[in-house]
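Next comes run02.txt, with compact mmCIF, N, CA and C atoms.
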```txt
# COMPACT_ATOMS: atom_id res chain seq x y z
N VAL A 30 10.43 6.58 1.07
CA VAL A 30 9.62 6.18 -0.08
C VAL A 30 8.71 7.34 -0.48
N GLN A 31 8.71 7.65 -1.75
CA GLN A 31 7.81 8.69 -2.28
C GLN A 31 6.86 8.02 -3.28
N LEU A 32 5.62 8.46 -3.25
CA LEU A 32 4.59 7.89 -4.10
C LEU A 32 3.90 9.00 -4.88
N VAL A 33 3.73 8.80 -6.17
CA VAL A 33 3.06 9.78 -7.01
C VAL A 33 1.99 9.10 -7.84
N GLU A 34 0.74 9.52 -7.63
CA GLU A 34 -0.38 8.96 -8.38
C GLU A 34 -0.68 9.80 -9.62
N SER A 35 -1.29 9.15 -10.59
CA SER A 35 -1.78 9.84 -11.78
C SER A 35 -2.90 9.02 -12.38
N GLY A 36 -3.62 9.64 -13.32
CA GLY A 36 -4.65 8.90 -14.05
C GLY A 36 -6.08 9.22 -13.67
N GLY A 37 -6.27 10.04 -12.66
CA GLY A 37 -7.62 10.41 -12.29
C GLY A 37 -8.25 11.32 -13.33
N GLY A 38 -9.55 11.57 -13.16
CA GLY A 38 -10.25 12.45 -14.08
C GLY A 38 -11.74 12.33 -13.95
N LEU A 39 -12.42 12.89 -14.93
CA LEU A 39 -13.88 12.86 -14.98
C LEU A 39 -14.32 11.84 -16.02
N VAL A 40 -15.23 10.97 -15.63
CA VAL A 40 -15.71 9.93 -16.54
C VAL A 40 -17.20 9.71 -16.30
N GLN A 41 -17.90 9.29 -17.32
CA GLN A 41 -19.32 8.99 -17.17
C GLN A 41 -19.50 7.62 -16.52
N ALA A 42 -20.62 7.45 -15.88
CA ALA A 42 -20.94 6.15 -15.29
C ALA A 42 -20.85 5.06 -16.36
N GLY A 43 -20.26 3.94 -15.97
CA GLY A 43 -20.04 2.85 -16.91
C GLY A 43 -18.69 2.89 -17.60
N GLY A 44 -18.00 3.99 -17.45
CA GLY A 44 -16.71 4.16 -18.09
C GLY A 44 -15.58 3.54 -17.30
N SER A 45 -14.36 3.75 -17.80
CA SER A 45 -13.16 3.16 -17.19
C SER A 45 -12.07 4.21 -17.01
N LEU A 46 -11.24 3.96 -16.04
CA LEU A 46 -10.03 4.74 -15.81
C LEU A 46 -8.95 3.80 -15.30
N ARG A 47 -7.70 4.16 -15.56
CA ARG A 47 -6.59 3.42 -14.97
C ARG A 47 -5.71 4.38 -14.19
N LEU A 48 -5.58 4.10 -12.91
CA LEU A 48 -4.71 4.90 -12.06
C LEU A 48 -3.32 4.25 -12.00
N SER A 49 -2.32 5.09 -11.87
CA SER A 49 -0.94 4.62 -11.71
C SER A 49 -0.34 5.24 -10.46
N CYS A 50 0.57 4.50 -9.85
CA CYS A 50 1.30 5.01 -8.69
C CYS A 50 2.76 4.62 -8.86
N VAL A 51 3.62 5.61 -8.99
CA VAL A 51 5.04 5.36 -9.15
C VAL A 51 5.73 5.57 -7.81
N ALA A 52 6.48 4.56 -7.39
CA ALA A 52 7.23 4.63 -6.14
C ALA A 52 8.69 4.94 -6.43
N SER A 53 9.30 5.73 -5.55
CA SER A 53 10.72 6.03 -5.67
C SER A 53 11.32 6.06 -4.27
N GLY A 54 12.63 6.11 -4.21
CA GLY A 54 13.31 6.07 -2.93
C GLY A 54 13.66 4.64 -2.55
N SER A 55 13.43 4.28 -1.30
CA SER A 55 13.78 2.95 -0.80
C SER A 55 12.72 1.92 -1.18
N THR A 56 12.54 1.72 -2.46
CA THR A 56 11.46 0.84 -2.92
C THR A 56 11.70 -0.62 -2.56
N SER A 57 12.95 -1.00 -2.35
CA SER A 57 13.24 -2.40 -2.00
C SER A 57 12.71 -2.75 -0.62
N SER A 58 12.38 -1.75 0.18
CA SER A 58 11.87 -2.01 1.53
C SER A 58 10.35 -2.19 1.55
N ILE A 59 9.70 -1.94 0.44
CA ILE A 59 8.23 -2.03 0.39
C ILE A 59 7.79 -3.50 0.39
N THR A 60 6.86 -3.84 1.26
CA THR A 60 6.35 -5.21 1.34
C THR A 60 4.95 -5.35 0.75
N ALA A 61 4.21 -4.28 0.73
CA ALA A 61 2.85 -4.33 0.19
C ALA A 61 2.42 -2.93 -0.20
N MET A 62 1.51 -2.89 -1.16
CA MET A 62 0.95 -1.62 -1.60
C MET A 62 -0.55 -1.74 -1.70
N ALA A 63 -1.20 -0.61 -1.67
CA ALA A 63 -2.66 -0.61 -1.70
C ALA A 63 -3.18 0.70 -2.26
N TRP A 64 -4.41 0.65 -2.69
CA TRP A 64 -5.15 1.85 -3.07
C TRP A 64 -6.22 2.10 -2.02
N TYR A 65 -6.32 3.33 -1.58
CA TYR A 65 -7.38 3.79 -0.70
C TYR A 65 -8.16 4.88 -1.43
N ARG A 66 -9.33 5.19 -0.90
CA ARG A 66 -10.09 6.31 -1.43
C ARG A 66 -10.86 7.00 -0.32
N GLN A 67 -11.13 8.27 -0.56
CA GLN A 67 -11.93 9.05 0.39
C GLN A 67 -12.93 9.87 -0.39
N GLY A 68 -14.20 9.49 -0.26
CA GLY A 68 -15.27 10.19 -0.93
C GLY A 68 -15.70 11.41 -0.13
N PRO A 69 -16.51 12.28 -0.74
CA PRO A 69 -16.98 13.48 -0.06
C PRO A 69 -17.73 13.14 1.24
N GLY A 70 -17.27 13.69 2.33
CA GLY A 70 -17.91 13.46 3.62
C GLY A 70 -17.75 12.07 4.18
N LYS A 71 -16.83 11.30 3.61
CA LYS A 71 -16.63 9.92 4.06
C LYS A 71 -15.23 9.73 4.62
N GLN A 72 -15.07 8.63 5.36
CA GLN A 72 -13.75 8.27 5.85
C GLN A 72 -12.96 7.58 4.75
N ARG A 73 -11.64 7.65 4.88
CA ARG A 73 -10.79 6.96 3.93
C ARG A 73 -10.98 5.45 4.09
N GLU A 74 -11.08 4.75 2.97
CA GLU A 74 -11.28 3.30 3.00
C GLU A 74 -10.33 2.62 2.03
N VAL A 75 -10.00 1.38 2.35
CA VAL A 75 -9.13 0.62 1.46
C VAL A 75 -9.96 0.10 0.29
N VAL A 76 -9.38 0.16 -0.88
CA VAL A 76 -10.04 -0.31 -2.10
C VAL A 76 -9.49 -1.66 -2.54
N ALA A 77 -8.15 -1.74 -2.58
CA ALA A 77 -7.51 -2.98 -3.03
C ALA A 77 -6.08 -2.99 -2.54
N GLY A 78 -5.54 -4.21 -2.35
CA GLY A 78 -4.17 -4.34 -1.89
C GLY A 78 -3.44 -5.43 -2.63
N ILE A 79 -2.11 -5.31 -2.68
CA ILE A 79 -1.29 -6.29 -3.38
C ILE A 79 0.06 -6.40 -2.70
N PRO A 80 0.50 -7.61 -2.39
CA PRO A 80 1.84 -7.77 -1.81
C PRO A 80 2.90 -7.66 -2.90
N THR A 81 4.11 -7.29 -2.53
CA THR A 81 5.15 -7.11 -3.53
C THR A 81 5.80 -8.43 -3.92
N SER A 82 5.69 -9.43 -3.06
CA SER A 82 6.38 -10.70 -3.31
C SER A 82 5.49 -11.73 -3.97
N GLY A 83 4.41 -11.30 -4.55
CA GLY A 83 3.44 -12.24 -5.11
C GLY A 83 2.43 -12.59 -4.04
N GLY A 84 1.48 -13.39 -4.38
CA GLY A 84 0.44 -13.69 -3.41
C GLY A 84 -0.88 -13.07 -3.83
N ARG A 85 -1.84 -13.28 -3.01
CA ARG A 85 -3.18 -12.93 -3.41
C ARG A 85 -3.47 -11.45 -3.23
N THR A 86 -4.15 -10.90 -4.20
CA THR A 86 -4.65 -9.53 -4.08
C THR A 86 -5.96 -9.56 -3.31
N ASN A 87 -6.34 -8.42 -2.79
CA ASN A 87 -7.62 -8.36 -2.08
C ASN A 87 -8.34 -7.07 -2.43
N TYR A 88 -9.67 -7.14 -2.35
CA TYR A 88 -10.51 -6.04 -2.79
C TYR A 88 -11.63 -5.77 -1.80
N ALA A 89 -12.03 -4.52 -1.74
CA ALA A 89 -13.25 -4.19 -1.01
C ALA A 89 -14.43 -4.80 -1.75
N GLU A 90 -15.44 -5.21 -1.01
CA GLU A 90 -16.61 -5.83 -1.63
C GLU A 90 -17.24 -4.93 -2.68
N SER A 91 -17.19 -3.65 -2.44
CA SER A 91 -17.87 -2.70 -3.33
C SER A 91 -17.23 -2.59 -4.72
N VAL A 92 -15.99 -3.09 -4.86
CA VAL A 92 -15.30 -2.95 -6.15
C VAL A 92 -14.96 -4.30 -6.78
N LYS A 93 -15.24 -5.38 -6.08
CA LYS A 93 -14.92 -6.72 -6.62
C LYS A 93 -15.60 -6.93 -7.96
N GLY A 94 -14.82 -7.46 -8.90
CA GLY A 94 -15.36 -7.72 -10.23
C GLY A 94 -15.30 -6.53 -11.16
N ARG A 95 -15.02 -5.35 -10.61
CA ARG A 95 -14.94 -4.14 -11.44
C ARG A 95 -13.54 -3.54 -11.47
N PHE A 96 -12.82 -3.63 -10.38
CA PHE A 96 -11.48 -3.05 -10.27
C PHE A 96 -10.44 -4.17 -10.26
N THR A 97 -9.27 -3.88 -10.82
CA THR A 97 -8.16 -4.82 -10.81
C THR A 97 -6.89 -4.09 -10.41
N ILE A 98 -6.24 -4.60 -9.36
CA ILE A 98 -4.97 -4.02 -8.91
C ILE A 98 -3.84 -4.87 -9.49
N SER A 99 -2.77 -4.19 -9.89
CA SER A 99 -1.61 -4.91 -10.42
C SER A 99 -0.37 -4.11 -10.12
N ARG A 100 0.78 -4.76 -10.34
CA ARG A 100 2.04 -4.10 -10.01
C ARG A 100 3.10 -4.53 -11.00
N ASP A 101 3.90 -3.58 -11.44
CA ASP A 101 5.06 -3.85 -12.29
C ASP A 101 6.29 -3.52 -11.47
N ASN A 102 6.90 -4.54 -10.90
CA ASN A 102 8.04 -4.31 -10.00
C ASN A 102 9.22 -3.68 -10.74
N ALA A 103 9.40 -4.02 -11.99
CA ALA A 103 10.52 -3.47 -12.76
C ALA A 103 10.39 -1.95 -12.92
N LYS A 104 9.15 -1.48 -12.94
CA LYS A 104 8.90 -0.05 -13.09
C LYS A 104 8.55 0.62 -11.78
N ASN A 105 8.54 -0.16 -10.70
CA ASN A 105 8.14 0.38 -9.39
C ASN A 105 6.79 1.09 -9.47
N THR A 106 5.89 0.49 -10.20
CA THR A 106 4.60 1.11 -10.46
C THR A 106 3.46 0.16 -10.11
N MET A 107 2.45 0.72 -9.48
CA MET A 107 1.23 -0.02 -9.18
C MET A 107 0.09 0.61 -9.97
N TYR A 108 -0.85 -0.23 -10.36
CA TYR A 108 -1.97 0.24 -11.17
C TYR A 108 -3.30 -0.13 -10.51
N LEU A 109 -4.32 0.61 -10.88
CA LEU A 109 -5.68 0.25 -10.52
C LEU A 109 -6.54 0.46 -11.76
N GLN A 110 -6.93 -0.64 -12.38
CA GLN A 110 -7.83 -0.57 -13.52
C GLN A 110 -9.26 -0.56 -12.98
N MET A 111 -9.98 0.48 -13.31
CA MET A 111 -11.34 0.64 -12.80
C MET A 111 -12.32 0.61 -13.96
N ASN A 112 -13.17 -0.39 -13.98
CA ASN A 112 -14.18 -0.54 -15.03
C ASN A 112 -15.58 -0.41 -14.43
N SER A 113 -16.53 -0.21 -15.28
CA SER A 113 -17.94 -0.10 -14.85
C SER A 113 -18.08 0.87 -13.69
N LEU A 114 -17.48 2.02 -13.84
CA LEU A 114 -17.47 3.00 -12.75
C LEU A 114 -18.88 3.49 -12.43
N LYS A 115 -19.09 3.77 -11.16
CA LYS A 115 -20.37 4.25 -10.65
C LYS A 115 -20.17 5.61 -9.99
N PRO A 116 -21.22 6.40 -9.90
CA PRO A 116 -21.08 7.70 -9.21
C PRO A 116 -20.55 7.56 -7.79
N GLU A 117 -20.88 6.47 -7.12
CA GLU A 117 -20.40 6.28 -5.75
C GLU A 117 -18.91 5.96 -5.68
N ASP A 118 -18.27 5.76 -6.83
CA ASP A 118 -16.81 5.58 -6.86
C ASP A 118 -16.09 6.93 -6.83
N THR A 119 -16.84 8.01 -6.91
CA THR A 119 -16.23 9.34 -6.87
C THR A 119 -15.51 9.55 -5.55
N ALA A 120 -14.23 9.89 -5.65
CA ALA A 120 -13.39 10.03 -4.46
C ALA A 120 -12.01 10.51 -4.87
N VAL A 121 -11.24 10.87 -3.87
CA VAL A 121 -9.80 11.05 -4.07
C VAL A 121 -9.16 9.69 -3.79
N TYR A 122 -8.40 9.21 -4.74
CA TYR A 122 -7.75 7.90 -4.62
C TYR A 122 -6.29 8.10 -4.23
N TYR A 123 -5.89 7.35 -3.20
CA TYR A 123 -4.54 7.47 -2.66
C TYR A 123 -3.77 6.16 -2.80
N CYS A 124 -2.52 6.30 -3.13
CA CYS A 124 -1.60 5.17 -3.16
C CYS A 124 -0.96 5.05 -1.78
N ASN A 125 -0.79 3.82 -1.33
CA ASN A 125 -0.23 3.56 -0.02
C ASN A 125 0.81 2.46 -0.13
N ALA A 126 1.90 2.60 0.63
CA ALA A 126 2.93 1.56 0.68
C ALA A 126 3.29 1.26 2.13
N LEU A 127 3.57 0.00 2.38
CA LEU A 127 3.98 -0.45 3.71
C LEU A 127 5.39 -1.01 3.59
N ASP A 128 6.29 -0.61 4.49
CA ASP A 128 7.66 -1.11 4.38
C ASP A 128 7.98 -2.13 5.46
N LEU A 129 9.22 -2.60 5.44
CA LEU A 129 9.64 -3.67 6.35
C LEU A 129 9.52 -3.27 7.82
N GLY A 130 9.61 -1.97 8.08
CA GLY A 130 9.48 -1.48 9.45
C GLY A 130 8.06 -1.11 9.81
N TYR A 131 7.10 -1.53 8.96
CA TYR A 131 5.67 -1.25 9.16
C TYR A 131 5.35 0.24 9.10
N ARG A 132 6.20 0.99 8.42
CA ARG A 132 5.89 2.40 8.19
C ARG A 132 5.02 2.49 6.94
N ARG A 133 4.08 3.42 7.00
CA ARG A 133 3.17 3.64 5.87
C ARG A 133 3.51 4.95 5.17
N TYR A 134 3.39 4.91 3.87
CA TYR A 134 3.66 6.09 3.06
C TYR A 134 2.43 6.35 2.19
N TRP A 135 2.19 7.63 1.90
CA TRP A 135 1.02 8.02 1.13
C TRP A 135 1.41 8.93 -0.03
N GLY A 136 0.69 8.79 -1.13
CA GLY A 136 0.81 9.74 -2.22
C GLY A 136 -0.08 10.93 -1.94
N GLN A 137 -0.08 11.86 -2.89
CA GLN A 137 -0.84 13.10 -2.70
C GLN A 137 -2.30 12.95 -3.07
N GLY A 138 -2.63 11.87 -3.77
CA GLY A 138 -4.01 11.61 -4.16
C GLY A 138 -4.31 12.10 -5.57
N THR A 139 -5.27 11.42 -6.20
CA THR A 139 -5.74 11.82 -7.52
C THR A 139 -7.27 11.74 -7.52
N GLN A 140 -7.90 12.77 -8.05
CA GLN A 140 -9.36 12.87 -8.01
C GLN A 140 -9.99 12.04 -9.12
N VAL A 141 -10.97 11.23 -8.74
CA VAL A 141 -11.79 10.50 -9.70
C VAL A 141 -13.23 10.96 -9.51
N THR A 142 -13.82 11.44 -10.58
CA THR A 142 -15.20 11.89 -10.53
C THR A 142 -16.00 11.14 -11.58
N VAL A 143 -17.08 10.49 -11.13
CA VAL A 143 -17.93 9.71 -12.03
C VAL A 143 -19.29 10.40 -12.10
N SER A 144 -19.65 10.83 -13.29
CA SER A 144 -20.93 11.52 -13.47
C SER A 144 -22.02 10.52 -13.86
N SER A 145 -23.22 10.81 -13.43
CA SER A 145 -24.34 9.91 -13.72
C SER A 145 -25.02 10.27 -15.03
```

This structure in structure tokens:
Amino acid sequence: VQLVESGGGLVQAGGSLRLSCVASGSTSSITAMAWYRQGPGKQREVVAGIPTSGGRTNYAESVKGRFTISRDNAKNTMYLQMNSLKPEDTAVYYCNALDLGYRRYWGQGTQVTVSS
């Protein structure tokens, strides 16, 4: 499985961005996908997750009500709509996929910078 993120950039506080993650390869083996982020000097943390077979999405407390994760299975693409961005959302955002064998795959990351 290969993952490629896009959509990062520089935005002012209060603004919005939409990240995309396109999966290729053995996409039929993917059972769940998620967005992680790693801010400057911080550990990587999960932001939001979504199963591929339907079911409930989940979010980190810090982004609830502001971020929305979604997936278009026909396009093998996952999205992260980020609204009301804050400077503390500044990070490299990574796409993650989990397959049937519990193997994890990572994208290369996309930088999101929120200016105050």

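For the choices A:Thr139, A:Ser55, A:Ser145, A:Asn102, the atom-to-atom distance to A:Ala120 is smallest for A:Thr139 when using all atoms listed in the file.
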
Using all atoms listed in the file, determine which residues lie at most 6 Å from A:Asn125, disregarding the query and same-chain residues fewer than 3 positions distant; provide the list as a count of residues only. 8

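Closest approach to A:Gln31 among A:Ile98, A:Leu129, A:Ala52, A:Ala89 is made by A:Ala52 (distances from only N, CA and C atoms).
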
Which residues of stretch 96-138 of chain A have any atom within 7 Å of an atom in stretch 37-41 of chain A when counting all atoms listed in the file, and what is the closest pair of atoms for each, with the distance in Å to one decimal? Order the rows by chain and rising number and write it as a tab-separated table.
```
residue	atom	partner	partner_atom	distance
A:Leu114	C	A:Gln41	C	5.8
A:Lys115	N	A:Gln41	C	6.6
A:Pro116	N	A:Gln41	C	6.9
```

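Of the listed residues A:Gly78, A:Gly44, A:Ser49, A:Ser35, the one whose atoms come nearest to A:Tyr108 is A:Ser49, with distances taken using only N, CA and C atoms.
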
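Interatomic distance, atom C of A:Ser58 to atom N of A:Gly130: 6.6 Å.
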
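Checking A:Ser53, A:Gln110, A:Ser99, A:Gln140 one by one against A:Tyr123, counting all atoms listed in the file, you find the shortest gap at A:Gln140.
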
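Between atom CA of A:Ser82 and atom C of A:Tyr131 the separation is 16.6 Å.
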
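Taking atom C of A:Thr86 as the reference point, atom C of A:Arg100 is found at 12.9 Å.
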
Using all atoms listed in the file, pick whichever of A:Leu109, A:Val30, A:Ala126, A:Val141 has the shortest atom-to-atom distance to A:Cys50. A:Leu109

Just list as a PyMOL selection string whatever in stretch 44-119 of chain A DSSP marks as helix (DSSP H, G or I). chain A and resi 56-58+102-104+116-118

Kindly save the residues from that selection, with N, CA and C atoms included, as a PDB file, in the coordinates of the input.
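Output file part-v9.pdb is given in full below:
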```pdb
ATOM      1  N   THR A  56      12.540   1.720  -2.460  1.00  0.00           N
ATOM      2  CA  THR A  56      11.460   0.840  -2.920  1.00  0.00           C
ATOM      3  C   THR A  56      11.700  -0.620  -2.560  1.00  0.00           C
ATOM      4  N   SER A  57      12.950  -1.000  -2.350  1.00  0.00           N
ATOM      5  CA  SER A  57      13.240  -2.400  -2.000  1.00  0.00           C
ATOM      6  C   SER A  57      12.710  -2.750  -0.620  1.00  0.00           C
ATOM      7  N   SER A  58      12.380  -1.750   0.180  1.00  0.00           N
ATOM      8  CA  SER A  58      11.870  -2.010   1.530  1.00  0.00           C
ATOM      9  C   SER A  58      10.350  -2.190   1.550  1.00  0.00           C
ATOM     10  N   ASN A 102       6.900  -4.540 -10.900  1.00  0.00           N
ATOM     11  CA  ASN A 102       8.040  -4.310 -10.000  1.00  0.00           C
ATOM     12  C   ASN A 102       9.220  -3.680 -10.740  1.00  0.00           C
ATOM     13  N   ALA A 103       9.400  -4.020 -11.990  1.00  0.00           N
ATOM     14  CA  ALA A 103      10.520  -3.470 -12.760  1.00  0.00           C
ATOM     15  C   ALA A 103      10.390  -1.950 -12.920  1.00  0.00           C
ATOM     16  N   LYS A 104       9.150  -1.480 -12.940  1.00  0.00           N
ATOM     17  CA  LYS A 104       8.900  -0.050 -13.090  1.00  0.00           C
ATOM     18  C   LYS A 104       8.550   0.620 -11.780  1.00  0.00           C
ATOM     19  N   PRO A 116     -21.220   6.400  -9.900  1.00  0.00           N
ATOM     20  CA  PRO A 116     -21.080   7.700  -9.210  1.00  0.00           C
ATOM     21  C   PRO A 116     -20.550   7.560  -7.790  1.00  0.00           C
ATOM     22  N   GLU A 117     -20.880   6.470  -7.120  1.00  0.00           N
ATOM     23  CA  GLU A 117     -20.400   6.280  -5.750  1.00  0.00           C
ATOM     24  C   GLU A 117     -18.910   5.960  -5.680  1.00  0.00           C
ATOM     25  N   ASP A 118     -18.270   5.760  -6.830  1.00  0.00           N
ATOM     26  CA  ASP A 118     -16.810   5.580  -6.860  1.00  0.00           C
ATOM     27  C   ASP A 118     -16.090   6.930  -6.830  1.00  0.00           C
TER      28      ASP A 118
END
```

Calculated over all atoms listed in the file, which of the candidates A:Asn87, A:Ser144, A:Asp118, A:Leu48 has the smallest distance to A:Gly68? A:Asp118

Based on DSSP run over this structure's backbone, return all residues of chain A in strand (DSSP E), as a PyMOL selection string. chain A and resi 31-35+38-41+46-53+59-67+74-80+87-88+96-101+106-111+120-128+133-135+139-144
